[in-house]
Amino acid sequence: MVFFYLICQDIAAQQFTLRGKVIGKDTGIVILEYINANYENISDSGLLRDGSFEFKGSVNGVDYVFLITDTNYLYRDGKVNGFFFIEPGVIEITFSKGDMKNAKISGSAVQEELERWRKVQSVSWESRNDILLEMDSIRELLKNGSIESAIASKKIDSLRQRFFPIRDTIFKMDLSYIKHHPDSYLSLKLLDDYAVRLIPEDSVNILYAKFTDNVKNSSFALAFRKMFNTNSKNIKLTFPFDDVKVHDEAPAFSVYGSGAVSITNKSLKGQVTLLEFWSLTCLPCLQFNPELERLRKKYNERGLKVIAISRTKEQELPALFSYIRKNKFSQWIHVSLDMKSGPANNQVFNGNFDNYHYPGLPRTVLIDKKGKVIYKEFGYSPEESKRLEAIIGAAVNEVIR
């Protein structure tokens with residue numbers, strides 16, 4: 001009984017109130033995702049009334065929470081849905097609709113620490129963000145078919161040459177902050193930004209071990225450990241795409257028509273088939289797709305088929321239809337692995353490509369007339385595109401005996 005009382009006292013001491021104001025949006029559903037003082041994953045929903053909302057809960061130390069103000073918006077880019085720090089006490093957040101990145105937040109010392117640190121790095125961050133905006137503009141031009149792939153590739157290569165030195169400068173500053181502030185929740189957030197991706201697993205463990213107990217026992221630390229363990233395991237996993245071998249029989253796949261299988265790898269024997277796994281949000285994919293259409297047109301009469309596989313949810317289909325129309329990709333066979341119903345607009349089908357699963361994009365597999373894999377690659381470069389063209393040229397001219 002005494003133990004239960006102590007727990008309640010501890011949780012009460014960790015209570016927070018989050019008050020928010022969304023300028024330009026009066027009503028709607030608001031969702032707050034966080035880990036409470038009992039280390040439970042919470043997804044709390046509330047109503048937006050006259051642009052205001054309020055949440056009450058508990059948190060252990062601090063947590064880096066996710067706020068959703070538009071459940072139909074799928075991205076976590078800080079427009080209408082985004083992350084920020086909360087801690088015990090009263091937190092207030094105000095932002096204009098569609099601009100959560102520039103929210104004004106008060107009541108969280110850790111959030112203020114993050115904002116001060118970003119000001120120290122402001123010159124580098126402004127340069128970084130300017131480059132990313134330029135990349136976004138090229139992405140939109142590619143989506144609209146308003147720029148040639150070769151020109152886009154040159155522009156993107158130039159931007160990347162500017163981007164990586166700036167990214168490395170920010171990384172070195174953040175790494176120094178982590179090492180010199182083991183008692184800071186911000187240090188944990190910075191470690192989370194780079195863990196596995198830029199900081200090797202063993203180095204992450206060493207840096208984490210030096211954090212104080214307050215940091216390690218926070219709600220955010222639990223979220224970090226879960227994500228870090230998942231990412232570490234994923235890096236070591238072998239995916240089906242890893243097992244696809246050149247010169248082997250192509251693994252089975254299916255494209256479904258109106259309630260039945262309409263295309264399989266077996267039904268395509270006698271033709272050269274290119275499987276392209278891509279996404280509308282993947283810039284290298286958008287660079288590569290016009291090249292693939294050029295190859296399809298060049299070798300179409302000699303039997304080259306292109307099957308484009310994405311994970312486009314049904315609410316994203318209008319954007320996909322627009323992309324297909326503007327870039328004249330209507331001769332491709334389009335598949336969405338997230339389609340739950342039948343063919344959409346007679347343009348996008350569902351299918352089964354489990355034997356080719358891998359988390360990265362773009363992925364390309366070329367299958368010859370005999371059903372053998374003759375090319376397999378991850379990523380995109382103009383040089384690799386030339387190699388693929390040479391292999392396609394040889395494959396379509398091959399005579400099956």
# chains A, B, ... in the order shown; residues from 1 in each chain; ligands from 1
>>> residues_around(residues="Ser385 (chain A)", least_positions_apart="5", cutoff="9 Å", atoms="only C-alpha atoms", output="list in words")
Phe288, Glu291, Leu292, Tyr380 and Ala390 of chain A
>>> write_last_selection(atoms="C-alpha atoms", output="PDB file, in the first residue's frame")
ATOM      1  CA  PHE A 288      15.727   7.842 -62.515  1.00  0.00           C
ATOM      2  CA  GLU A 291      15.559   7.586 -67.819  1.00  0.00           C
ATOM      3  CA  LEU A 292      13.526   4.403 -67.487  1.00  0.00           C
ATOM      4  CA  TYR A 380      20.691   5.725 -58.900  1.00  0.00           C
ATOM      5  CA  ALA A 390      23.709  -1.766 -72.267  1.00  0.00           C
TER       6      ALA A 390
END
>>> select_by_dssp(residues="region 21-266 of chain A", states="helix (DSSP H, G or I)", output="PyMOL selection string")
chain A and resi 100-102+109-120+122-143+149-180+185-194+201-209+213-216+219-236+240-243
>>> closest_residue(among="A:His247, A:Lys216, A:Lys376, A:Lys369", to="Leu304 (chain A)", atoms="only C-alpha atoms")
A:Lys369
>>> atom_distance(atom1="CA of Gly28 (chain A)", atom2="CA of Lys313 (chain A)")
22.4 Å
>>> atom_distance(atom1="CA of Ile367 (chain A)", atom2="CA of Ala150 (chain A)")
25.6 Å
>>> atom_distance(atom1="CA of Val348 (chain A)", atom2="CA of Ser336 (chain A)")
6.6 Å
>>> residues_around(residues="Ile235 (chain A)", least_positions_apart="3", cutoff="12 Å", atoms="only C-alpha atoms", output="MDAnalysis selection string")
chainID A and resid 195:197 200:201 228:232 238:239 358:360
